[in-house]
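Have a look at query-v1.csv; it's CSV, C-alpha atoms:
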```
chain,number,residue,atom,x,y,z
A,94,TYR,CA,0.0,0.0,0.0
A,95,MET,CA,2.7,2.5,1.0
A,96,ALA,CA,4.5,1.9,-2.3
A,97,ALA,CA,1.5,2.9,-4.4
A,98,SER,CA,-0.1,5.6,-2.2
A,99,SER,CA,0.6,9.3,-2.3
A,100,ALA,CA,-0.3,9.8,1.4
A,101,LEU,CA,3.3,10.7,1.9
A,102,THR,CA,4.2,13.1,-0.8
A,103,ALA,CA,7.0,11.5,-2.8
A,104,ASP,CA,8.4,14.7,-4.6
A,105,LYS,CA,10.8,15.8,-1.9
A,106,LEU,CA,12.0,12.3,-1.2
A,107,SER,CA,12.7,11.8,-4.9
A,108,VAL,CA,14.5,15.1,-5.1
A,109,THR,CA,16.7,14.0,-2.2
A,110,PHE,CA,17.7,10.8,-4.0
A,111,ALA,CA,18.3,12.8,-7.2
A,112,ASN,CA,20.5,15.3,-5.4
A,113,LEU,CA,22.5,12.4,-3.9
A,114,ALA,CA,23.0,11.1,-7.5
A,115,VAL,CA,24.5,14.5,-8.5
A,116,LEU,CA,26.6,14.6,-5.3
A,117,LEU,CA,28.1,11.1,-6.0
A,118,THR,CA,28.9,12.2,-9.6
A,119,LEU,CA,30.8,15.2,-8.2
A,120,VAL,CA,32.6,12.9,-5.8
A,121,TYR,CA,33.7,10.8,-8.8
A,122,ILE,CA,34.9,14.0,-10.6
A,123,GLU,CA,37.0,14.7,-7.5
A,124,ASN,CA,38.7,11.3,-7.0
A,125,ALA,CA,38.2,9.5,-10.4
A,126,ASP,CA,36.9,6.3,-8.7
A,127,ARG,CA,34.1,5.0,-10.9
A,128,LYS,CA,32.4,3.1,-8.1
A,129,TRP,CA,30.8,6.4,-7.2
A,130,LEU,CA,29.1,6.4,-10.6
A,131,ILE,CA,27.5,3.1,-9.8
A,132,GLY,CA,26.1,4.7,-6.6
A,133,ALA,CA,25.0,7.8,-8.6
A,134,GLY,CA,23.1,5.5,-11.1
A,135,SER,CA,21.5,3.6,-8.3
A,136,PHE,CA,20.2,6.8,-6.6
A,137,LEU,CA,19.1,8.1,-10.0
A,138,ALA,CA,17.0,5.0,-10.6
A,139,ILE,CA,15.5,5.1,-7.1
A,140,ALA,CA,14.7,8.8,-7.5
A,141,VAL,CA,12.9,8.2,-10.8
A,142,LEU,CA,11.0,5.2,-9.5
A,143,THR,CA,9.8,7.4,-6.6
A,144,GLU,CA,8.7,10.3,-8.8
A,145,LEU,CA,9.2,10.8,-12.5
A,146,ILE,CA,9.5,14.5,-12.1
A,147,VAL,CA,13.3,14.1,-11.4
A,148,LEU,CA,14.0,12.3,-14.6
A,149,TYR,CA,15.8,15.4,-15.9
A,150,ILE,CA,18.6,14.7,-13.4
A,151,ALA,CA,19.9,12.2,-15.9
A,152,PHE,CA,20.7,15.1,-18.3
A,153,VAL,CA,22.4,17.0,-15.5
A,154,ILE,CA,24.7,14.0,-14.7
A,155,LEU,CA,25.4,13.6,-18.5
A,156,ILE,CA,26.4,17.3,-18.7
A,157,LEU,CA,28.6,16.8,-15.6
A,158,LEU,CA,30.4,13.9,-17.1
A,159,ALA,CA,30.8,15.7,-20.5
A,160,ALA,CA,32.1,18.8,-18.7
A,161,ARG,CA,34.7,16.7,-16.9
A,162,GLN,CA,36.1,15.6,-20.3
A,163,SER,CA,36.0,19.1,-21.9
A,164,SER,CA,37.1,21.2,-18.9
A,165,VAL,CA,34.1,23.5,-19.5
A,166,PHE,CA,34.0,24.1,-15.7
A,167,ARG,CA,37.0,24.5,-13.4
A,168,TRP,CA,37.0,21.5,-10.9
A,169,GLU,CA,39.4,22.9,-8.3
A,170,LYS,CA,39.3,19.8,-6.1
A,171,ALA,CA,39.7,17.2,-8.8
A,172,ARG,CA,42.9,15.3,-8.0
A,173,ILE,CA,43.1,13.8,-11.5
A,174,LYS,CA,42.8,16.1,-14.6
A,175,PRO,CA,41.6,13.8,-17.4
A,176,SER,CA,42.6,14.3,-21.0
A,177,PRO,CA,39.6,14.3,-23.3
A,178,SER,CA,38.7,10.7,-24.1
A,179,LEU,CA,35.6,9.4,-25.8
A,180,LYS,CA,36.3,6.0,-24.3
A,181,ASP,CA,36.5,7.3,-20.8
A,182,PHE,CA,33.2,9.3,-21.3
A,183,ALA,CA,31.5,6.1,-22.6
A,184,MET,CA,32.8,4.1,-19.7
A,185,ASP,CA,31.5,6.8,-17.3
A,186,ILE,CA,28.0,6.6,-18.8
A,187,ALA,CA,28.2,2.7,-18.8
A,188,MET,CA,28.9,2.8,-15.0
A,189,VAL,CA,25.9,5.1,-14.3
A,190,LEU,CA,23.7,2.8,-16.5
A,191,ALA,CA,25.0,-0.2,-14.7
A,192,GLY,CA,24.0,1.2,-11.3
A,193,SER,CA,20.6,2.3,-12.6
A,194,PHE,CA,19.7,-1.0,-14.2
A,195,GLY,CA,21.0,-2.9,-11.2
A,196,SER,CA,18.7,-1.1,-8.9
A,197,LEU,CA,15.8,-1.3,-11.3
A,198,SER,CA,16.3,-5.1,-11.6
A,199,VAL,CA,16.2,-5.6,-7.9
A,200,VAL,CA,13.1,-3.5,-7.5
A,201,PHE,CA,11.2,-5.2,-10.4
A,202,LEU,CA,12.2,-8.6,-9.1
A,203,LEU,CA,10.6,-7.8,-5.8
A,204,SER,CA,7.5,-6.1,-7.1
A,205,ASP,CA,4.7,-6.3,-9.7
A,206,TRP,CA,6.0,-5.0,-13.1
A,207,ALA,CA,2.5,-4.3,-14.5
A,208,MET,CA,1.3,-2.3,-11.5
A,209,GLY,CA,4.6,-0.4,-11.3
A,210,TYR,CA,4.2,0.6,-14.9
A,211,GLU,CA,0.5,1.6,-14.4
A,212,PHE,CA,1.2,3.8,-11.3
A,213,SER,CA,4.2,5.5,-12.8
A,214,ILE,CA,4.8,5.7,-16.6
A,215,GLY,CA,1.4,4.6,-17.7
A,216,PHE,CA,-0.4,7.0,-15.5
A,217,LYS,CA,1.8,9.9,-16.7
A,218,LEU,CA,1.1,9.1,-20.4
A,219,THR,CA,-2.6,8.8,-19.8
A,220,LEU,CA,-2.6,12.1,-17.9
A,221,ARG,CA,-0.9,13.9,-20.8
A,222,GLU,CA,-3.6,12.7,-23.1
A,223,ALA,CA,-6.4,13.6,-20.8
A,224,ILE,CA,-5.4,17.1,-19.6
A,225,PRO,CA,-4.6,19.9,-22.1
A,226,PHE,CA,-1.1,21.4,-21.9
A,227,SER,CA,-1.1,25.0,-20.5
A,228,ILE,CA,2.1,27.0,-20.5
A,229,GLN,CA,0.2,29.8,-18.7
A,230,ASP,CA,-0.6,27.5,-15.8
A,231,ASN,CA,2.9,26.2,-15.6
A,232,MET,CA,4.4,29.7,-15.8
A,233,HIS,CA,2.0,30.7,-13.0
A,234,GLU,CA,3.3,27.9,-10.7
A,235,PHE,CA,6.9,28.8,-11.6
A,236,LEU,CA,6.5,32.6,-10.9
A,237,GLN,CA,4.7,31.7,-7.6
A,238,PHE,CA,7.7,29.7,-6.6
A,239,LEU,CA,10.1,32.5,-7.4
A,240,ALA,CA,7.9,34.9,-5.3
A,241,ASP,CA,7.9,32.5,-2.4
A,242,ASN,CA,11.7,32.1,-2.6
A,243,ALA,CA,12.6,35.6,-3.6
A,244,LEU,CA,15.6,35.7,-1.3
A,245,LEU,CA,17.1,32.6,-2.8
A,246,ALA,CA,16.6,34.0,-6.3
A,247,LEU,CA,18.3,37.2,-5.2
A,248,GLY,CA,21.3,35.3,-3.8
A,249,MET,CA,21.5,33.3,-7.0
A,250,LEU,CA,21.6,36.4,-9.1
A,251,LEU,CA,24.3,37.9,-6.8
A,252,GLY,CA,26.4,34.7,-7.2
A,253,LEU,CA,26.1,34.9,-11.0
A,254,TYR,CA,27.0,38.6,-10.9
A,255,PHE,CA,30.2,38.0,-9.0
A,256,ALA,CA,31.1,35.1,-11.2
A,257,GLN,CA,30.7,36.9,-14.5
A,258,SER,CA,34.5,37.4,-14.9
A,259,CYS,CA,35.0,33.6,-14.2
A,260,PRO,CA,33.4,31.8,-17.2
A,261,LYS,CA,34.6,28.4,-15.9
A,262,HIS,CA,33.3,28.9,-12.3
A,263,VAL,CA,31.2,25.9,-11.1
A,264,ILE,CA,28.3,28.3,-10.4
A,265,TRP,CA,27.6,28.3,-14.1
A,266,PHE,CA,27.0,24.6,-13.8
A,267,LEU,CA,24.4,25.3,-11.2
A,268,LEU,CA,22.8,27.7,-13.6
A,269,VAL,CA,22.7,25.0,-16.3
A,270,TRP,CA,21.2,22.6,-13.8
A,271,TRP,CA,18.6,25.2,-12.8
A,272,LEU,CA,17.7,26.0,-16.4
A,273,ILE,CA,17.3,22.3,-17.3
A,274,ALA,CA,15.0,22.0,-14.3
A,275,VAL,CA,13.0,25.0,-15.4
A,276,PHE,CA,12.6,23.7,-18.9
A,277,TRP,CA,11.6,20.3,-17.6
A,278,LEU,CA,8.9,21.9,-15.3
A,279,MET,CA,7.5,24.0,-18.2
A,280,ILE,CA,6.6,20.9,-20.2
A,281,GLN,CA,4.9,19.0,-17.4
A,282,ILE,CA,1.2,18.1,-17.8
A,283,PRO,CA,0.0,19.2,-15.3
A,284,LEU,CA,2.7,21.1,-13.3
A,285,GLN,CA,1.7,21.0,-9.6
A,286,GLU,CA,2.9,23.0,-6.7
A,287,GLN,CA,4.9,20.2,-5.2
A,288,HIS,CA,6.9,19.6,-8.4
A,289,VAL,CA,8.8,22.9,-8.2
A,290,VAL,CA,10.9,21.6,-5.3
A,291,VAL,CA,13.3,20.4,-8.0
A,292,LEU,CA,14.6,24.0,-8.2
A,293,TRP,CA,15.6,24.3,-4.6
A,294,ALA,CA,19.0,22.6,-4.7
A,295,PRO,CA,20.8,24.6,-7.5
A,296,MET,CA,19.2,27.8,-6.3
A,297,ALA,CA,20.3,27.2,-2.7
A,298,LEU,CA,23.9,26.3,-3.6
A,299,ALA,CA,24.2,29.3,-6.0
A,300,ALA,CA,22.6,31.7,-3.4
A,301,SER,CA,24.9,30.5,-0.6
A,302,TRP,CA,27.9,31.3,-2.7
A,303,GLY,CA,26.4,34.7,-3.7
A,304,PHE,CA,25.8,35.7,-0.1
A,305,VAL,CA,29.4,34.6,0.9
A,306,ARG,CA,30.8,36.8,-1.9
A,307,ILE,CA,28.7,39.7,-0.7
A,308,GLY,CA,30.4,39.3,2.7
A,309,GLU,CA,33.8,39.2,1.1
A,310,TRP,CA,33.1,42.2,-1.0
A,311,LEU,CA,32.0,44.2,2.0
A,312,ALA,CA,35.1,43.1,3.9
A,313,ASP,CA,37.3,44.3,1.0
A,314,ILE,CA,35.5,47.7,1.2
A,315,ALA,CA,36.0,47.8,4.9
A,316,LYS,CA,39.8,47.1,4.6
A,317,SER,CA,40.2,49.9,2.1
A,318,HIS,CA,38.3,52.5,4.1
A,319,TRP,CA,38.9,51.5,7.8
A,320,LYS,CA,42.3,51.2,9.4
A,321,SER,CA,41.0,48.7,12.0
A,322,SER,CA,41.7,45.2,10.6
A,323,ALA,CA,39.7,43.7,13.3
A,324,LEU,CA,36.7,45.6,12.3
A,325,ALA,CA,37.3,44.6,8.7
A,326,ARG,CA,37.5,41.0,9.6
A,327,ALA,CA,34.2,41.3,11.4
A,328,VAL,CA,32.3,42.5,8.3
A,329,PRO,CA,31.7,39.0,6.8
A,330,SER,CA,30.2,37.8,10.1
A,331,TYR,CA,28.0,40.9,10.4
A,332,THR,CA,27.0,40.4,6.8
A,333,LEU,CA,25.9,36.8,7.3
A,334,ILE,CA,24.0,37.8,10.4
A,335,SER,CA,22.3,40.6,8.5
A,336,ILE,CA,21.3,38.2,5.7
A,337,LEU,CA,19.9,35.8,8.3
A,338,VAL,CA,17.9,38.5,9.9
A,339,ILE,CA,16.6,39.6,6.5
A,340,TYR,CA,15.7,36.1,5.6
A,341,VAL,CA,13.8,35.6,8.8
A,342,GLY,CA,12.1,38.9,8.4
A,343,PHE,CA,11.2,38.1,4.8
A,344,SER,CA,9.8,34.7,5.8
A,345,VAL,CA,7.7,36.3,8.6
A,346,SER,CA,6.4,38.9,6.1
A,347,GLN,CA,5.2,36.1,3.9
A,348,VAL,CA,3.1,34.5,6.7
A,349,PRO,CA,-0.1,36.6,6.1
A,350,GLY,CA,0.0,35.7,2.4
A,351,LEU,CA,0.5,32.0,3.1
A,352,VAL,CA,-2.3,32.1,5.7
A,353,TYR,CA,-4.6,33.8,3.1
A,354,ARG,CA,-3.7,31.1,0.5
A,355,ALA,CA,-4.3,28.4,3.1
A,356,GLN,CA,-7.7,29.8,4.0
A,357,ASN,CA,-8.7,29.6,0.4
A,358,ILE,CA,-7.9,25.9,0.4
A,359,ARG,CA,-9.0,25.0,3.9
A,360,ASP,CA,-12.2,26.6,5.2
A,361,GLN,CA,-13.8,25.9,8.5
A,362,GLU,CA,-15.7,22.8,7.3
A,363,ASP,CA,-12.4,21.3,6.1
A,364,LEU,CA,-10.8,22.1,9.4
A,365,LYS,CA,-13.6,20.3,11.3
A,366,GLN,CA,-13.3,17.3,9.0
A,367,SER,CA,-9.6,17.1,9.5
A,368,GLN,CA,-10.1,17.2,13.3
A,369,ALA,CA,-12.6,14.4,13.0
A,370,ILE,CA,-10.2,11.9,11.3
A,371,PRO,CA,-9.1,10.2,14.6
A,372,GLN,CA,-12.7,9.6,15.6
A,373,ALA,CA,-13.6,8.3,12.1
A,374,ALA,CA,-10.5,6.1,12.1
A,375,SER,CA,-11.5,4.6,15.5
A,376,PHE,CA,-15.0,3.8,14.1
A,377,VAL,CA,-13.5,2.1,11.0
A,378,GLN,CA,-11.4,-0.1,13.3
A,379,GLN,CA,-14.6,-1.2,15.0
A,380,ILE,CA,-16.5,-2.2,11.9
A,381,ALA,CA,-13.6,-3.8,9.9
A,382,ALA,CA,-10.9,-6.3,10.8
A,383,PRO,CA,-7.2,-5.4,9.9
A,384,ASP,CA,-7.3,-7.7,6.9
A,385,ASP,CA,-10.6,-6.4,5.6
A,386,CYS,CA,-10.8,-4.2,2.5
A,387,VAL,CA,-11.8,-0.6,3.2
A,388,ILE,CA,-12.0,1.8,0.3
A,389,SER,CA,-11.1,5.4,1.2
A,390,ASP,CA,-10.4,8.7,-0.7
A,391,ASP,CA,-8.2,9.9,2.3
A,392,PRO,CA,-4.9,8.0,2.6
A,393,VAL,CA,-4.2,9.7,6.0
A,394,LEU,CA,-7.4,8.1,7.4
A,395,SER,CA,-6.4,4.8,5.9
A,396,LEU,CA,-3.1,5.0,7.7
A,397,GLN,CA,-4.6,6.1,11.1
A,398,SER,CA,-7.2,3.3,11.0
A,399,ASN,CA,-4.8,0.7,9.6
A,400,ARG,CA,-7.5,-0.4,7.2
A,401,PHE,CA,-6.4,-0.2,3.5
A,402,PRO,CA,-7.9,-0.4,0.1
A,403,PRO,CA,-6.6,-2.6,-2.7
A,404,PRO,CA,-3.6,-1.2,-4.5
A,405,ASP,CA,-5.7,-0.2,-7.5
A,406,LEU,CA,-7.5,2.4,-5.3
A,407,SER,CA,-4.6,3.4,-3.1
A,408,ASP,CA,-4.0,6.7,-4.9
A,409,PRO,CA,-7.4,8.5,-5.2
A,410,SER,CA,-5.9,11.7,-6.6
A,411,ARG,CA,-7.8,14.2,-8.7
A,412,ALA,CA,-5.3,13.7,-11.5
A,413,ARG,CA,-6.3,10.0,-11.7
A,414,PHE,CA,-10.0,10.8,-11.9
A,415,ALA,CA,-9.3,13.6,-14.4
A,416,SER,CA,-7.3,11.2,-16.6
A,417,GLY,CA,-10.1,8.6,-16.5
A,418,ILE,CA,-7.9,5.9,-14.9
A,419,LEU,CA,-10.3,6.0,-11.9
A,420,ASP,CA,-14.1,6.2,-12.2
A,421,LEU,CA,-17.2,4.8,-10.6
A,422,GLU,CA,-17.1,1.6,-12.6
A,423,LYS,CA,-13.6,0.9,-11.4
A,424,ILE,CA,-14.5,1.5,-7.8
A,425,LYS,CA,-17.5,-0.8,-8.1
A,426,GLU,CA,-15.4,-3.5,-9.6
A,427,VAL,CA,-12.8,-3.4,-6.9
A,428,ALA,CA,-15.4,-3.2,-4.2
A,429,VAL,CA,-17.1,-6.4,-5.4
A,430,GLU,CA,-14.0,-8.4,-6.2
A,431,ASN,CA,-12.4,-7.7,-2.8
A,432,ASN,CA,-15.6,-7.8,-0.8
A,433,CYS,CA,-14.8,-4.4,0.7
A,434,LYS,CA,-16.5,-3.9,4.1
A,435,ALA,CA,-16.8,-0.1,3.8
A,436,VAL,CA,-16.3,3.0,1.7
A,437,ILE,CA,-15.1,6.3,3.1
A,438,ALA,CA,-15.9,9.5,1.2
A,439,THR,CA,-14.7,12.9,2.3
A,440,SER,CA,-15.9,16.3,0.9
A,441,HIS,CA,-13.0,16.7,-1.5
A,442,GLY,CA,-12.6,13.1,-2.6
A,443,PHE,CA,-15.0,10.7,-4.1
A,444,LYS,CA,-18.1,12.9,-3.7
A,445,GLN,CA,-16.4,15.8,-5.6
A,446,ASN,CA,-14.7,13.7,-8.3
A,447,VAL,CA,-17.1,10.8,-9.0
A,448,PRO,CA,-20.6,11.5,-10.2
A,449,ASP,CA,-23.3,9.3,-8.6
A,450,MET,CA,-20.8,8.0,-6.1
A,451,THR,CA,-23.1,8.8,-3.2
A,452,THR,CA,-26.1,7.1,-4.9
A,453,TRP,CA,-24.1,3.9,-5.4
A,454,MET,CA,-22.8,3.8,-1.8
A,455,MET,CA,-26.3,4.2,-0.4
A,456,GLU,CA,-27.5,1.3,-2.6
A,457,PHE,CA,-24.6,-1.0,-2.1
A,458,TYR,CA,-24.1,-0.6,1.7
A,459,THR,CA,-26.7,-0.9,4.4
A,460,HIS,CA,-25.3,1.4,7.1
A,461,HIS,CA,-24.1,5.0,7.1
A,462,VAL,CA,-22.5,7.3,9.6
A,463,ASN,CA,-21.0,10.8,9.2
A,464,PHE,CA,-18.1,12.5,11.1
A,465,GLU,CA,-18.0,16.2,10.2
A,466,GLY,CA,-18.3,15.5,6.4
A,467,ILE,CA,-16.6,12.1,6.5
A,468,ASP,CA,-19.2,9.7,5.2
A,469,ILE,CA,-18.7,6.0,6.0
A,470,TYR,CA,-20.9,3.5,4.3
A,471,TYR,CA,-20.5,0.0,5.5
A,472,GLN,CA,-22.0,-3.5,5.7
A,473,GLY,CA,-23.7,-4.3,9.0
A,474,PRO,CA,-23.0,-7.4,11.1
```
This structure in C-alpha cells:
Amino acid sequence: YMAASSALTADKLSVTFANLAVLLTLVYIENADRKWLIGAGSFLAIAVLTELIVLYIAFVILILLAARQSSVFRWEKARIKPSPSLKDFAMDIAMVLAGSFGSLSVVFLLSDWAMGYEFSIGFKLTLREAIPFSIQDNMHEFLQFLADNALLALGMLLGLYFAQSCPKHVIWFLLVWWLIAVFWLMIQIPLQEQHVVVLWAPMALAASWGFVRIGEWLADIAKSHWKSSALARAVPSYTLISILVIYVGFSVSQVPGLVYRAQNIRDQEDLKQSQAIPQAASFVQQIAAPDDCVISDDPVLSLQSNRFPPPDLSDPSRARFASGILDLEKIKEVAVENNCKAVIATSHGFKQNVPDMTTWMMEFYTHHVNFEGIDIYYQGP
C-alpha cells in the first residue's frame, strides 16, 4: 500500500535521491573512482521510481560527465585532470547505467511489473492525453515559486554577478542545472505546486555562494576604508548575520499571504473534517478487521485506521480521476472483487470527483455514519 499511495508526498523524497546522485557524480569527478558512478546511477533509478519529475537529473549528470572531459568548468578539487577521451566518457556513462539498471532489476524482481508501470509511466502518459497542456498555468506555478523564494533568487543572481568574470566557475554549472529543471517543469502536464521543489538545490547552492561573496566584497571595502583590521574581519560575520535577519524577516512577512492562501484551500468545514479523522479512524477499526478491504479517498485516514484499500485504489488523486484511470465503474469492480467492508468518502474526494458515487454507496451498503463531512458507508454485522 505504501509503495502505491501518495499519502506521503514523494516529490521531496525523490529530489533528495536525485541530489545524492548528483553529489556522487561530483565525488567521482574529485577522485576519479568509478564506483561512485554506480552509486549515482542507483540513486538516480530510485529517484525516478519514486517520482518521474526528477528524470531530468539524468541530463544533469550527463552534462557533468561531459564537462569533466572538456574542462568547461573548473574543478578545483579534482585530483586527476583527465585528458579528453571518448572511451572514458563512454565508460562513465556505462557505469551510471549499470548502477541504474542494477537497482531497477532488484526493484522489479521484488514487485509487480504491471502495477509499477501503471502507477508511474502509464499514469503519466494517460494524464498527458487527458489534460490539455497549459504553458500559462505552468508559468504561474513557476512565478509563484520565485515569489515564495525571492531571497534565494536574489542570492543566486548575486552569485552569477560576482562570477561573470570567471566563465569556468562551477556556479555556471548550477545555472545550467537550474535552467534544465525550469525547462523540464515547463513541459509537465500538469505542473503542480509540489513539483517545483526540484529547483531548490541549484538555487540554494548558488545563493549561498552569492551571499558569501557579498560578505567578502563588503570586507574588502572595509579594509580599504577603515584602518582597523579587526573591524574589517568582522564585516563578513556581520553580513551573514544581517542576511539571516533579512531572511527571517522576509519569511515572517510572507506569513499573512501564506495564511490567506491556506484559507482559500481550507475553510472551517475542512478544518472540522480534519479534526474528526481520529474519531472516524477509530470507528472504522470497530467495523472492519485489519485484513478487511476498506476503500477510502483519504490516505491519511487509511493510515490512522490501519485499514487499507486494494492497490488499484490506493491513490485516489484528482489527477487519476481527471485522466479517466479511476471512475465509478472501477470503484464498483474493486469493491465487489475484494468484498470491501466499507467505503469512506470525504468532501474533496469521491463525492467531488465521482458523479453518482453517493447514490451507489447508499444502494450497495446498508449502514451509514457521518463524522463532520466524512461519510462512512459499511455493511452491517
Give me the residues of range 394-468 of chain A that have any atom at most 12 Å from an atom of range 269-286 of chain A; for each, the nearest atom pair and the distance in Å, rounded to one decimal. Use all atoms listed in the file, sort by chain and number, and format it as JSON lines.
```
{"residue": "A:Arg411", "atom": "CA", "partner": "A:Pro283", "partner_atom": "CA", "distance": 11.4}
{"residue": "A:Ala412", "atom": "CA", "partner": "A:Pro283", "partner_atom": "CA", "distance": 8.5}
{"residue": "A:Arg413", "atom": "CA", "partner": "A:Pro283", "partner_atom": "CA", "distance": 11.7}
{"residue": "A:Ala415", "atom": "CA", "partner": "A:Pro283", "partner_atom": "CA", "distance": 10.9}
{"residue": "A:Ser416", "atom": "CA", "partner": "A:Pro283", "partner_atom": "CA", "distance": 10.9}
```
Computed gap from CA of Ala133 in chain A to CA of Gly192 in chain A is 7.2 Å
Atom pair CA of Thr118 in chain A + CA of Gly134 in chain A, distance 9.0 Å
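Reported to one decimal place, the separation of CA of Phe238 in chain A from CA of Ser440 in chain A is 28.2 Å.
Across A:Ala125, A:Val189, A:Ala428, A:Ala382, the tightest approach to Asn399 in chain A is made by A:Ala382 when counting only C-alpha atoms.
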One residue among A:Leu421, A:His460, A:Ile467, A:Leu292 is nearest to Ala438 in chain A when using all atoms listed in the file, and that residue is A:Ile467
Between A:Val141, A:Val147, A:Ala299, A:Ile418, smallest distance to Tyr254 in chain A by all atoms listed in the file belongs to A:Ala299
Nearby residues (only C-alpha atoms) at most 7 Å from range 372-378 of chain A, same-chain spacing under 3 positions excluded, as a list in words = Ala369, Ala381, Ala382, Leu394, Gln397, Ser398 and Phe464 of chain A
Could you save the residues just selected, with C-alpha atoms, as a short mmCIF file (atom, residue, chain, number, x, y, z; two decimals), keeping the file's coordinate frame?
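Final output, saved to again-v6.cif:
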```cif
data_model
loop_
_atom_site.label_atom_id
_atom_site.label_comp_id
_atom_site.auth_asym_id
_atom_site.auth_seq_id
_atom_site.Cartn_x
_atom_site.Cartn_y
_atom_site.Cartn_z
CA ALA A 369 -12.60 14.40 13.00
CA ALA A 381 -13.60 -3.80 9.90
CA ALA A 382 -10.90 -6.30 10.80
CA LEU A 394 -7.40 8.10 7.40
CA GLN A 397 -4.60 6.10 11.10
CA SER A 398 -7.20 3.30 11.00
CA PHE A 464 -18.10 12.50 11.10
#
```
One residue among A:Phe457, A:Ile380, A:Glu465, A:Asn242 is nearest to Lys365 in chain A when using only C-alpha atoms, and that residue is A:Glu465
| query | How would you write as an NGL selection string the residues that get within 6 Å of (-8.0, 6.3, 0.7) in the file's frame, counting all atoms listed in the file? | reply | :A and (389-392 or 395 or 407)
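Among the candidates A:Pro403, A:Pro448, A:Gly417, A:Gly132, the one nearest to Cys433 in chain A when counting only C-alpha atoms is A:Pro403.
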Exercise. Do you know which residues are at most 12 Å from Leu236 in chain A counting all atoms listed in the file, after dropping those on the same chain fewer than 3 positions away, and could you put them as a PyMOL selection string?
Worked result: chain A and resi 228-233+239-243+246+275+278-279+286+289
Those selected residues, please, written with C-alpha atoms and delivered as a PDB file, keeping the file's coordinate frame.
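Printed below is part-v2.pdb as written:
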```
ATOM      1  CA  ILE A 228       2.100  27.000 -20.500  1.00  0.00           C
ATOM      2  CA  GLN A 229       0.200  29.800 -18.700  1.00  0.00           C
ATOM      3  CA  ASP A 230      -0.600  27.500 -15.800  1.00  0.00           C
ATOM      4  CA  ASN A 231       2.900  26.200 -15.600  1.00  0.00           C
ATOM      5  CA  MET A 232       4.400  29.700 -15.800  1.00  0.00           C
ATOM      6  CA  HIS A 233       2.000  30.700 -13.000  1.00  0.00           C
ATOM      7  CA  LEU A 239      10.100  32.500  -7.400  1.00  0.00           C
ATOM      8  CA  ALA A 240       7.900  34.900  -5.300  1.00  0.00           C
ATOM      9  CA  ASP A 241       7.900  32.500  -2.400  1.00  0.00           C
ATOM     10  CA  ASN A 242      11.700  32.100  -2.600  1.00  0.00           C
ATOM     11  CA  ALA A 243      12.600  35.600  -3.600  1.00  0.00           C
ATOM     12  CA  ALA A 246      16.600  34.000  -6.300  1.00  0.00           C
ATOM     13  CA  VAL A 275      13.000  25.000 -15.400  1.00  0.00           C
ATOM     14  CA  LEU A 278       8.900  21.900 -15.300  1.00  0.00           C
ATOM     15  CA  MET A 279       7.500  24.000 -18.200  1.00  0.00           C
ATOM     16  CA  GLU A 286       2.900  23.000  -6.700  1.00  0.00           C
ATOM     17  CA  VAL A 289       8.800  22.900  -8.200  1.00  0.00           C
TER      18      VAL A 289
END
```
Write out as a compact mmCIF listing (two decimals) with C-alpha atoms, keeping the file's coordinate frame which residues come within 12 Å of Trp453 in chain A when counting all atoms listed in the file, dropping same-chain ones fewer than 2 positions away.
```txt
# COMPACT_ATOMS: atom_id res chain seq x y z
CA LEU A 421 -17.20 4.80 -10.60
CA GLU A 422 -17.10 1.60 -12.60
CA ILE A 424 -14.50 1.50 -7.80
CA LYS A 425 -17.50 -0.80 -8.10
CA ALA A 428 -15.40 -3.20 -4.20
CA VAL A 436 -16.30 3.00 1.70
CA ALA A 438 -15.90 9.50 1.20
CA PHE A 443 -15.00 10.70 -4.10
CA LYS A 444 -18.10 12.90 -3.70
CA VAL A 447 -17.10 10.80 -9.00
CA PRO A 448 -20.60 11.50 -10.20
CA ASP A 449 -23.30 9.30 -8.60
CA MET A 450 -20.80 8.00 -6.10
CA THR A 451 -23.10 8.80 -3.20
CA MET A 455 -26.30 4.20 -0.40
CA GLU A 456 -27.50 1.30 -2.60
CA PHE A 457 -24.60 -1.00 -2.10
CA TYR A 458 -24.10 -0.60 1.70
CA THR A 459 -26.70 -0.90 4.40
CA TYR A 470 -20.90 3.50 4.30
```
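For the choices A:Gly466, A:Phe401, A:Glu309, A:Leu158, the atom-to-atom distance to Ser367 in chain A is smallest for A:Gly466 when using only C-alpha atoms.
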